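Reproduced below: upload_19.pdb, with PDB, C-alpha atoms.
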MODEL        1
ATOM      1  CA  MET C  22     -96.255 -41.382   9.719
ATOM      2  CA  CYS C  23     -92.641 -40.182   9.752
ATOM      3  CA  GLY C  24     -91.796 -42.429   6.791
ATOM      4  CA  ASP C  25     -94.768 -41.105   4.794
ATOM      5  CA  TRP C  26     -93.761 -37.493   5.560
ATOM      6  CA  SER C  27     -90.153 -38.162   4.544
ATOM      7  CA  GLU C  28     -91.191 -39.769   1.254
ATOM      8  CA  SER C  29     -93.546 -36.855   0.519
ATOM      9  CA  ALA C  30     -90.806 -34.318   1.209
ATOM     10  CA  LEU C  31     -88.412 -36.243  -1.060
ATOM     11  CA  LYS C  32     -90.932 -36.205  -3.911
ATOM     12  CA  GLN C  33     -91.536 -32.491  -3.387
ATOM     13  CA  GLY C  34     -87.795 -31.837  -3.483
ATOM     14  CA  ARG C  35     -87.430 -33.745  -6.733
ATOM     15  CA  PHE C  36     -90.287 -31.750  -8.243
ATOM     16  CA  ILE C  37     -88.649 -28.468  -7.248
ATOM     17  CA  LEU C  38     -85.305 -29.539  -8.751
ATOM     18  CA  LEU C  39     -87.037 -30.585 -11.972
ATOM     19  CA  ALA C  40     -88.873 -27.259 -12.192
ATOM     20  CA  VAL C  41     -85.668 -25.284 -11.582
ATOM     21  CA  GLY C  42     -83.893 -27.336 -14.248
ATOM     22  CA  LEU C  43     -86.614 -26.661 -16.830
ATOM     23  CA  ILE C  44     -86.539 -22.946 -16.084
ATOM     24  CA  GLY C  45     -82.753 -22.955 -16.491
ATOM     25  CA  ILE C  46     -83.014 -24.668 -19.899
ATOM     26  CA  ILE C  47     -85.609 -22.121 -21.061
ATOM     27  CA  VAL C  48     -83.385 -19.219 -19.983
ATOM     28  CA  ILE C  49     -80.369 -20.710 -21.833
ATOM     29  CA  ILE C  50     -82.406 -21.182 -25.040
ATOM     30  CA  TRP C  51     -83.665 -17.584 -24.805
ATOM     31  CA  LEU C  52     -80.122 -16.237 -24.378
ATOM     32  CA  PHE C  53     -78.864 -18.145 -27.427
ATOM     33  CA  SER C  54     -81.785 -16.872 -29.526
ATOM     34  CA  MET C  55     -80.974 -13.285 -28.520
ATOM     35  CA  ILE C  56     -77.313 -13.741 -29.453
ATOM     36  CA  PHE C  57     -77.850 -15.269 -32.884
ATOM     37  CA  ASP C  58     -80.952 -13.329 -33.959
ATOM     38  CA  LYS C  59     -78.929 -10.359 -35.265
ATOM     39  CA  LYS C  60     -79.263  -9.059 -38.819
ATOM     40  CA  PRO C  61     -76.173  -7.804 -40.674
ATOM     41  CA  SER C  62     -76.082  -4.126 -41.554
ATOM     42  CA  VAL C  63     -73.543  -2.667 -43.936
ATOM     43  CA  LEU C  64     -74.014   0.732 -42.360
ATOM     44  CA  SER C  65     -73.466   0.157 -38.650
ATOM     45  CA  GLN C  66     -72.817   2.756 -35.993
ATOM     46  CA  SER C  67     -69.126   1.841 -36.116
ATOM     47  CA  THR C  68     -68.697   3.329 -39.592
ATOM     48  CA  THR C  69     -67.439   6.834 -40.265
ATOM     49  CA  GLY C  70     -70.742   8.596 -40.898
ATOM     50  CA  ASN C  71     -74.102   8.984 -39.226
ATOM     51  CA  VAL C  72     -77.029   6.608 -39.766
ATOM     52  CA  SER C  73     -80.529   8.017 -39.572
ATOM     53  CA  THR C  74     -83.557   6.085 -38.329
ATOM     54  CA  THR C  75     -84.251   3.066 -40.546
ATOM     55  CA  SER C  76     -87.588   1.601 -41.551
ATOM     56  CA  SER C  77     -88.825  -1.859 -42.495
ATOM     57  CA  TYR C  78     -90.057  -2.742 -45.975
ATOM     58  CA  ALA C  79     -93.374  -4.220 -46.985
ATOM     59  CA  PRO C  80     -93.515  -7.300 -49.231
ATOM     60  CA  GLY C  81     -92.685  -6.286 -52.787
ATOM     61  CA  ASP C  82     -90.403  -3.424 -51.748
ATOM     62  CA  VAL C  83     -86.809  -3.703 -52.941
ATOM     63  CA  PRO C  84     -83.722  -1.465 -52.765
ATOM     64  CA  TRP C  85     -83.456   0.483 -56.017
ATOM     65  CA  ASP C  86     -80.712   3.109 -55.970
ATOM     66  CA  TYR C  87     -78.361   5.308 -53.936
ATOM     67  CA  GLN C  88     -76.798   8.682 -54.583
ATOM     68  CA  VAL C  89     -74.271  10.944 -52.858
ATOM     69  CA  GLN C  90     -74.957  14.681 -52.886
ATOM     70  CA  GLN C  91     -73.454  17.777 -51.337
ATOM     71  CA  VAL C  92     -75.991  19.830 -49.375
ATOM     72  CA  LYS C  93     -76.063  22.694 -46.895
ATOM     73  CA  VAL C  94     -77.361  22.507 -43.352
ATOM     74  CA  GLY C  95     -80.331  24.783 -42.753
ATOM     75  CA  ASP C  96     -82.356  25.090 -39.561
ATOM     76  CA  LEU C  97     -81.629  22.872 -36.554
ATOM     77  CA  ILE C  98     -84.795  21.420 -34.982
ATOM     78  CA  ASP C  99     -84.873  19.193 -31.878
ATOM     79  CA  GLY C 100     -81.656  17.334 -32.700
ATOM     80  CA  ASP C 101     -82.476  17.156 -36.424
ATOM     81  CA  MET C 102     -81.196  19.278 -39.290
ATOM     82  CA  VAL C 103     -82.922  20.568 -42.409
ATOM     83  CA  LEU C 104     -80.974  19.875 -45.601
ATOM     84  CA  LEU C 105     -81.016  22.520 -48.321
ATOM     85  CA  PRO C 106     -82.160  22.971 -51.043
ATOM     86  CA  ASN C 107     -84.807  20.195 -50.766
ATOM     87  CA  ASN C 108     -85.727  20.797 -47.107
ATOM     88  CA  ASP C 109     -85.198  17.137 -46.209
ATOM     89  CA  ARG C 110     -84.876  16.465 -42.490
ATOM     90  CA  MET C 111     -82.573  13.982 -40.772
ATOM     91  CA  SER C 112     -80.804  13.405 -37.468
ATOM     92  CA  ASN C 113     -77.866  15.721 -36.688
ATOM     93  CA  ASP C 114     -75.819  13.244 -34.653
ATOM     94  CA  GLN C 115     -72.519  14.796 -35.788
ATOM     95  CA  ASN C 116     -73.489  18.240 -34.480
ATOM     96  CA  PHE C 117     -73.258  20.101 -37.773
ATOM     97  CA  ALA C 118     -73.959  23.834 -37.647
ATOM     98  CA  THR C 119     -76.310  25.886 -39.793
ATOM     99  CA  GLY C 120     -74.536  26.794 -43.029
ATOM    100  CA  ASP C 121     -72.159  23.793 -43.039
ATOM    101  CA  SER C 122     -71.598  22.051 -46.384
ATOM    102  CA  ILE C 123     -71.872  18.295 -45.895
ATOM    103  CA  TRP C 124     -72.312  15.136 -47.974
ATOM    104  CA  VAL C 125     -75.404  12.963 -47.725
ATOM    105  CA  LEU C 126     -76.095   9.414 -48.879
ATOM    106  CA  SER C 127     -79.700   9.099 -50.076
ATOM    107  CA  PHE C 128     -81.733   5.964 -50.766
ATOM    108  CA  MET C 129     -84.563   5.133 -53.168
ATOM    109  CA  GLN C 130     -86.698   1.996 -52.972
ATOM    110  CA  ALA C 131     -89.088   0.443 -55.467
ATOM    111  CA  THR C 132     -92.396  -1.320 -54.981
ATOM    112  CA  MET C 133     -92.707  -4.051 -57.608
ATOM    113  CA  LYS C 134     -96.000  -5.709 -58.468
ATOM    114  CA  ALA C 135     -96.616  -8.210 -61.255
ATOM    115  CA  ASP C 136     -99.652  -7.719 -63.477
ATOM    116  CA  SER C 137    -101.814 -10.493 -64.937
ATOM    117  CA  GLN C 138     -99.295 -11.002 -67.776
ATOM    118  CA  GLY C 139     -96.334 -11.314 -65.432
ATOM    119  CA  LYS C 140     -94.890  -7.891 -66.263
ATOM    120  CA  ASN C 141     -93.475  -5.836 -63.412
ATOM    121  CA  ASP C 142     -95.200  -2.598 -62.442
ATOM    122  CA  VAL C 143     -92.543  -0.514 -60.663
ATOM    123  CA  THR C 144     -93.337   2.423 -58.368
ATOM    124  CA  LEU C 145     -90.325   4.414 -57.162
ATOM    125  CA  SER C 146     -90.185   6.212 -53.827
ATOM    126  CA  GLN C 147     -88.798   9.689 -53.188
ATOM    127  CA  TRP C 148     -85.114  10.021 -52.331
ATOM    128  CA  LYS C 149     -84.588   9.631 -48.586
ATOM    129  CA  PRO C 150     -81.389  10.882 -46.871
ATOM    130  CA  ILE C 151     -80.080   8.101 -44.615
ATOM    131  CA  LYS C 152     -76.540   9.071 -43.644
ATOM    132  CA  SER C 153     -74.422  12.212 -43.383
ATOM    133  CA  PHE C 154     -70.684  12.674 -43.865
ATOM    134  CA  LYS C 155     -68.095  15.387 -43.467
ATOM    135  CA  THR C 156     -66.306  14.464 -46.728
ATOM    136  CA  LYS C 157     -67.194  12.921 -50.083
ATOM    137  CA  GLU C 158     -64.486  10.275 -49.596
ATOM    138  CA  GLU C 159     -66.302   8.927 -46.543
ATOM    139  CA  ALA C 160     -69.619   8.807 -48.423
ATOM    140  CA  ASP C 161     -68.107   7.061 -51.436
ATOM    141  CA  LYS C 162     -66.753   4.256 -49.220
ATOM    142  CA  ASP C 163     -70.273   3.273 -48.219
ATOM    143  CA  LEU C 164     -71.634   3.748 -51.740
ATOM    144  CA  VAL C 165     -69.078   1.272 -53.144
ATOM    145  CA  GLU C 166     -70.377  -1.425 -50.771
ATOM    146  CA  LEU C 167     -74.047  -0.761 -51.488
ATOM    147  CA  LYS C 168     -73.870  -0.636 -55.316
ATOM    148  CA  VAL C 169     -71.756  -3.465 -56.727
ATOM    149  CA  GLU C 170     -71.173  -4.095 -60.452
ATOM    150  CA  ILE C 171     -70.705  -7.749 -61.416
ATOM    151  CA  LYS C 172     -70.413  -9.861 -64.576
ATOM    152  CA  THR C 173     -72.381 -13.097 -64.655
ATOM    153  CA  ASP C 174     -74.187 -15.554 -66.943
ATOM    154  CA  VAL C 175     -77.991 -15.391 -67.026
ATOM    155  CA  LYS C 176     -80.706 -17.389 -68.749
ATOM    156  CA  LEU C 177     -81.565 -16.206 -72.253
ATOM    157  CA  ILE C 178     -85.301 -16.668 -72.668
ATOM    158  CA  GLY C 179     -85.107 -15.830 -76.355
ATOM    159  CA  VAL C 180     -84.608 -13.285 -79.131
ATOM    160  CA  TYR C 181     -87.107 -11.962 -81.656
ATOM    161  CA  LYS C 182     -87.521  -9.279 -84.282
ATOM    162  CA  THR C 183     -90.327  -6.961 -85.331
ATOM    163  CA  GLU C 184     -91.006  -5.242 -88.645
ATOM    164  CA  LEU C 185     -92.555  -1.849 -89.343
ATOM    165  CA  ASP C 186     -92.448  -0.155 -92.743
ATOM    166  CA  SER C 187     -89.785  -2.634 -93.905
ATOM    167  CA  GLN C 188     -87.602  -1.705 -90.913
ATOM    168  CA  PHE C 189     -86.551  -4.465 -88.503
ATOM    169  CA  ARG C 190     -85.950  -4.115 -84.774
ATOM    170  CA  TYR C 191     -84.292  -6.822 -82.678
ATOM    171  CA  PHE C 192     -84.759  -7.716 -79.009
ATOM    172  CA  ALA C 193     -83.380 -10.124 -76.413
ATOM    173  CA  VAL C 194     -85.192 -11.243 -73.259
ATOM    174  CA  VAL C 195     -83.150 -12.473 -70.289
ATOM    175  CA  GLU C 196     -84.025 -13.633 -66.790
ATOM    176  CA  LEU C 197     -82.021 -12.029 -63.979
ATOM    177  CA  PRO C 198     -81.003 -13.918 -60.799
ATOM    178  CA  THR C 199     -83.900 -12.232 -58.969
ATOM    179  CA  GLY C 200     -86.377 -13.808 -61.406
ATOM    180  CA  GLN C 201     -87.057 -10.490 -63.119
ATOM    181  CA  LYS C 202     -87.394 -10.684 -66.902
ATOM    182  CA  VAL C 203     -85.717  -7.902 -68.900
ATOM    183  CA  LYS C 204     -86.242  -7.060 -72.569
ATOM    184  CA  GLN C 205     -83.422  -5.165 -74.295
ATOM    185  CA  PRO C 206     -83.075  -3.859 -77.879
ATOM    186  CA  ILE C 207     -80.054  -5.339 -79.652
ATOM    187  CA  PRO C 208     -78.382  -4.883 -83.057
ATOM    188  CA  GLU C 209     -78.846  -7.468 -85.783
ATOM    189  CA  GLU C 210     -75.324  -8.860 -85.220
ATOM    190  CA  ARG C 211     -76.100  -9.674 -81.581
ATOM    191  CA  TYR C 212     -79.488 -11.094 -82.587
ATOM    192  CA  LYS C 213     -77.730 -13.592 -84.883
ATOM    193  CA  ALA C 214     -75.112 -14.423 -82.224
ATOM    194  CA  PHE C 215     -77.769 -15.031 -79.529
ATOM    195  CA  LYS C 216     -80.216 -17.114 -81.626
ATOM    196  CA  ASP C 217     -78.871 -20.520 -80.558
ATOM    197  CA  LYS C 218     -77.746 -19.662 -76.998
ATOM    198  CA  LYS C 219     -79.359 -20.674 -73.718
ATOM    199  CA  GLU C 220     -77.244 -18.363 -71.531
ATOM    200  CA  VAL C 221     -75.470 -15.044 -72.133
ATOM    201  CA  SER C 222     -73.011 -12.938 -70.144
ATOM    202  CA  VAL C 223     -74.297  -9.637 -68.777
ATOM    203  CA  VAL C 224     -73.195  -6.792 -66.531
ATOM    204  CA  LEU C 225     -75.436  -6.359 -63.483
ATOM    205  CA  GLU C 226     -75.560  -3.764 -60.763
ATOM    206  CA  GLU C 227     -76.468  -5.245 -57.382
ATOM    207  CA  VAL C 228     -78.164  -2.668 -55.177
ATOM    208  CA  HIS C 229     -78.108  -3.797 -51.536
ATOM    209  CA  ASP C 230     -80.476  -2.798 -48.757
ATOM    210  CA  TYR C 231     -78.675  -0.573 -46.235
ATOM    211  CA  THR C 232     -80.540  -2.189 -43.316
ATOM    212  CA  ASP C 233     -80.097  -5.782 -44.529
ATOM    213  CA  PHE C 234     -77.146  -6.326 -46.867
ATOM    214  CA  ASP C 235     -78.414  -9.783 -47.886
ATOM    215  CA  GLN C 236     -81.460  -8.198 -49.531
ATOM    216  CA  SER C 237     -80.555  -6.859 -52.983
ATOM    217  CA  MET C 238     -81.954  -5.930 -56.367
ATOM    218  CA  ALA C 239     -80.123  -6.834 -59.607
ATOM    219  CA  LYS C 240     -80.374  -4.261 -62.398
ATOM    220  CA  PHE C 241     -79.312  -4.868 -65.996
ATOM    221  CA  ARG C 242     -76.436  -2.615 -67.038
ATOM    222  CA  GLY C 243     -75.261  -4.089 -70.350
ATOM    223  CA  TRP C 244     -73.864  -7.071 -72.223
ATOM    224  CA  ALA C 245     -70.545  -8.572 -71.185
ATOM    225  CA  GLU C 246     -69.831 -10.201 -74.560
TER     226      GLU C 246
ENDMDL
END

What would the structure in this file look like if it were written as structure tokens?
Amino acid sequence: MCGDWSESALKQGRFILLAVGLIGIIVIIWLFSMIFDKKPSVLSQSTTGNVSTTSSYAPGDVPWDYQVQQVKVGDLIDGDMVLLPNNDRMSNDQNFATGDSIWVLSFMQATMKADSQGKNDVTLSQWKPIKSFKTKEEADKDLVELKVEIKTDVKLIGVYKTELDSQFRYFAVVELPTGQKVKQPIPEERYKAFKDKKEVSVVLEEVHDYTDFDQSMAKFRGWAE
């Protein structure tokens, strides 16, 4: 009887150790997932301005544009401030006073949907103030990171011309890195130069999402050749 009890206790002890070990492994995996599951943000709380509450984007929503404007602080309401003249409201984390002239970084997003012919239908949102600054220099530092101009080669889908009343118009169609197809009017000289090309150099403006810098929208800004 004593031997049976001892063997049973030994098995029970092994089971407890195994259970504790499994729980420990689960806790370690959870801690690592918490550490590495962090998204980069170009506008973090460590920067010089004030970040307002951010929101997530639905599928098809892309960052579209930013602007820096000088505004005046109006009424103060429950920790928020009203921005004049548009009566926008945002957090007043820097304790501005009514009547102060400040600088605000505003954001516009676009909802892009493709129609049956593959053309993009773009709906633009209203401007939304996302960050406040005491000086324009501080605001411009963030704007430079969020709107980046680059030169790159893109796929040339083709060129074509149209005729109306004996007048010709020329166009080029390119595919941007995002997959978006852009049609641009071009002069006859560029039409002739592009006819036999598969790629062309362009100037793009990359507009990055302020909550997730890796998400961006490329906008055509001109030809680089």

Original post:
How far is it from CA of Pro206 in chain C to CA of Ala239 in chain C, in Å with one decimal?
Top reply: 18.7 Å

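Atom to atom, CA of Ser222 in chain C and CA of Glu209 in chain C stand 17.6 Å apart.
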
**OP:** Could you give me, as a PyMOL selection string, the residues within 9 Å of range 141-148 of chain C, counting only C-alpha atoms and dropping anything in the same chain fewer than 2 positions from it?
**Re:** chain C and resi 85-88+127-136+138-139+150+201-202

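For the choices C:Ser112, C:Thr173, C:Thr156, C:Thr119, the atom-to-atom distance to Asp96 in chain C is smallest for C:Thr119 when using only C-alpha atoms.
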
Original post:
Which neighbours of Lys168 in chain C fall inside 12 Å, counting all atoms listed in the file, when residues of the same chain fewer than 4 positions from it are skipped, and could you give them as a list of chain:residue names?
Top reply: C:Val63, C:Pro84, C:Trp85, C:Asp86, C:Tyr87, C:Gln88, C:Val89, C:Phe128, C:Asp161, C:Lys162, C:Asp163, C:Leu164, C:Leu225, C:Glu226, C:Glu227, C:Val228, C:His229, C:Asp230, C:Tyr231, C:Phe234, C:Ser237, C:Met238, C:Ala239, C:Lys240

Original post:
By how many Å are CA of Gly100 in chain C and CA of Ile151 in chain C apart?
Top reply: 15.2 Å

Subject >> Residues matched by the PyMOL selection byres ((chain C and resi 157) around 10), written as number ranges by chain >> reply: C: 89-91, 123-126, 153-156, 158-162

Subject >> Best match for closeness to Asp217 in chain C among C:Lys149, C:Ile178, C:Ala245, C:Gln115, counting only C-alpha atoms >> reply: C:Ile178

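Evaluated against this file, the PyMOL selection byres ((chain C and resi 183) around 12) yields C:Val180, C:Tyr181, C:Lys182, C:Glu184, C:Leu185, C:Asp186, C:Ser187, C:Gln188, C:Phe189, C:Arg190, C:Tyr191, C:Phe192, C:Ala193, C:Pro206, C:Ile207, C:Glu209, C:Tyr212.
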
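Using only C-alpha atoms, the shortest contact distance between Leu167 in chain C and any of C:Asp235, C:Asp114, C:Glu196, C:Asp101 is found at C:Asp235.
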
Starting from 4 Å padding per side, set up an axis-aligned box that covers all listed atoms of range 86-98 of chain C and hand over centre and edge lengths in Å, one decimal, as lines of an AutoDock Vina configuration file.
center_x = -79.1
center_y = 14.1
center_z = -45.5
size_x = 19.3
size_y = 30.0
size_z = 29.0
